[in-house]
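Structure file protein07.txt with compact mmCIF, C-alpha atoms:
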```
# COMPACT_ATOMS: atom_id res chain seq x y z
CA MET A 1 -9.77 -10.87 -71.56
CA PRO A 2 -12.32 -12.82 -69.50
CA THR A 3 -15.07 -10.83 -67.82
CA THR A 4 -15.56 -10.83 -64.07
CA LEU A 5 -18.46 -12.72 -62.56
CA SER A 6 -21.29 -11.12 -60.60
CA SER A 7 -21.71 -11.72 -56.87
CA ALA A 8 -24.64 -14.04 -57.59
CA GLU A 9 -22.62 -16.05 -60.14
CA ILE A 10 -19.75 -16.37 -57.67
CA ALA A 11 -22.09 -17.57 -54.90
CA ASP A 12 -23.68 -20.11 -57.26
CA ARG A 13 -20.31 -21.49 -58.33
CA LEU A 14 -18.95 -21.72 -54.77
CA VAL A 15 -21.76 -24.13 -53.88
CA SER A 16 -20.14 -26.79 -56.06
CA LEU A 17 -16.69 -26.29 -54.48
CA PRO A 18 -16.85 -27.41 -50.84
CA GLY A 19 -14.28 -25.76 -48.62
CA TRP A 20 -13.54 -22.91 -51.01
CA ARG A 21 -14.35 -19.45 -49.71
CA LEU A 22 -14.50 -15.96 -51.06
CA SER A 23 -11.68 -13.69 -49.91
CA GLY A 24 -11.88 -10.26 -51.51
CA PRO A 25 -11.52 -10.66 -55.27
CA ALA A 26 -10.34 -14.28 -54.93
CA ILE A 27 -11.39 -17.78 -53.92
CA VAL A 28 -9.25 -19.65 -51.41
CA LYS A 29 -8.95 -23.13 -49.93
CA GLU A 30 -6.48 -24.64 -47.49
CA PHE A 31 -5.38 -28.25 -47.95
CA THR A 32 -3.69 -30.24 -45.17
CA PHE A 33 -1.36 -33.19 -45.74
CA ALA A 34 0.51 -35.70 -43.60
CA GLY A 35 3.74 -33.72 -43.88
CA PHE A 36 5.91 -31.37 -45.91
CA PRO A 37 6.81 -33.90 -48.64
CA GLU A 38 3.13 -34.60 -49.34
CA ALA A 39 2.32 -30.88 -49.41
CA VAL A 40 5.10 -30.17 -51.90
CA ALA A 41 4.08 -33.17 -54.03
CA PHE A 42 0.54 -31.75 -54.18
CA VAL A 43 1.90 -28.42 -55.41
CA GLY A 44 3.86 -30.30 -58.07
CA ARG A 45 0.65 -31.93 -59.30
CA LEU A 46 -0.90 -28.47 -59.78
CA VAL A 47 1.64 -27.49 -62.43
CA ALA A 48 0.33 -29.44 -65.45
CA PRO A 49 -3.34 -28.41 -65.14
CA ALA A 50 -2.38 -24.76 -64.57
CA GLU A 51 0.01 -24.71 -67.49
CA SER A 52 -2.50 -26.40 -69.81
CA VAL A 53 -4.97 -23.51 -69.40
CA ASP A 54 -2.35 -20.78 -68.77
CA HIS A 55 -4.05 -19.78 -65.51
CA HIS A 56 -2.04 -20.17 -62.32
CA PRO A 57 -3.02 -20.07 -58.65
CA ASP A 58 -1.18 -18.20 -55.95
CA LEU A 59 0.26 -20.75 -53.53
CA ALA A 60 1.48 -20.62 -49.95
CA ILE A 61 3.12 -23.64 -48.35
CA HIS A 62 3.12 -23.79 -44.55
CA TYR A 63 4.86 -27.06 -43.65
CA ARG A 64 2.00 -29.53 -44.21
CA ARG A 65 -0.63 -27.02 -45.30
CA VAL A 66 -1.04 -25.52 -48.77
CA VAL A 67 -3.22 -22.47 -49.34
CA VAL A 68 -4.45 -22.19 -52.94
CA THR A 69 -5.81 -18.85 -54.15
CA PHE A 70 -7.37 -18.12 -57.52
CA THR A 71 -8.18 -14.73 -59.03
CA THR A 72 -7.83 -13.34 -62.51
CA HIS A 73 -5.43 -10.46 -61.97
CA SER A 74 -5.81 -9.13 -65.51
CA ALA A 75 -9.59 -8.88 -65.08
CA GLY A 76 -9.43 -7.47 -61.55
CA GLY A 77 -11.55 -10.20 -59.99
CA LEU A 78 -13.06 -13.62 -60.37
CA THR A 79 -13.78 -15.15 -63.77
CA THR A 80 -14.78 -18.58 -65.00
CA LEU A 81 -11.05 -19.41 -65.25
CA ASP A 82 -10.75 -19.27 -61.46
CA PHE A 83 -13.58 -21.70 -60.88
CA GLU A 84 -12.27 -24.03 -63.56
CA GLY A 85 -8.88 -23.92 -61.83
CA ALA A 86 -10.43 -24.66 -58.45
CA ALA A 87 -12.35 -27.60 -59.93
CA ALA A 88 -9.10 -28.94 -61.41
CA VAL A 89 -7.43 -28.68 -58.00
CA GLU A 90 -10.34 -30.55 -56.42
CA ALA A 91 -9.99 -33.31 -59.02
CA LEU A 92 -6.39 -33.81 -57.90
CA THR A 93 -7.49 -34.48 -54.32
CA ARG A 94 -9.95 -37.26 -55.19
```
Conversion result in structure tokens:
Amino acid sequence: MPTTLSSAEIADRLVSLPGWRLSGPAIVKEFTFAGFPEAVAFVGRLVAPAESVDHHPDLAIHYRRVVVTFTTHSAGGLTTLDFEGAAAVEALTR
């Protein structure tokens, strides 16, 4: 099981992920798209990277907005897996 990161490690890692914020034991970012089809297509693109590392975000779709949340439930907080997942999500938006 991965170990949770310290507050200082979390703060350091958030610097390299613009728009991501700490929310309790998770990191969160909201993405906005032109419409519902684009938002759903974005969620579809998240599947392969998440499956490849067996670490999946929590997702909320609100019409043209998608809220992506990462935490490592089994560890009870944030681990390197969450930041790797967030970086993978960011790569999909470039």
As a PyMOL selection string, please: the residues near Val28 (chain A) (cut-off 10 Å, only C-alpha atoms, same-chain neighbours under 6 positions excluded).
chain A and resi 19-22+57-59+67-71+86
Residue with the minimum atom-to-atom distance to Thr3 (chain A), picked from A:Gly76, A:Gly44, A:Pro18, A:Gly85 with all atoms listed in the file counted, is A:Gly76
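Compared by their closest atoms to Glu9 (chain A), and using only C-alpha atoms, the residues A:Val66, A:Val89, A:Leu78, A:Ala50 rank with A:Leu78 nearest.
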Closest of A:Glu30, A:Ala39, A:Ser6, A:Asp82 to Arg64 (chain A) - atom-to-atom distances counting only C-alpha atoms:
A:Ala39
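The two atoms in question, CA of Glu38 (chain A) and CA of Glu51 (chain A), are spaced 20.9 Å apart.
Using all atoms listed in the file, the nearest neighbour of Met1 (chain A) within the list A:Leu92, A:Leu81, A:Val15, A:Ala60 is A:Leu81.
Taking all atoms listed in the file into account, Arg65 (chain A) lies nearest to A:Val40 out of the set A:Ala91, A:Asp12, A:Pro25, A:Val40.
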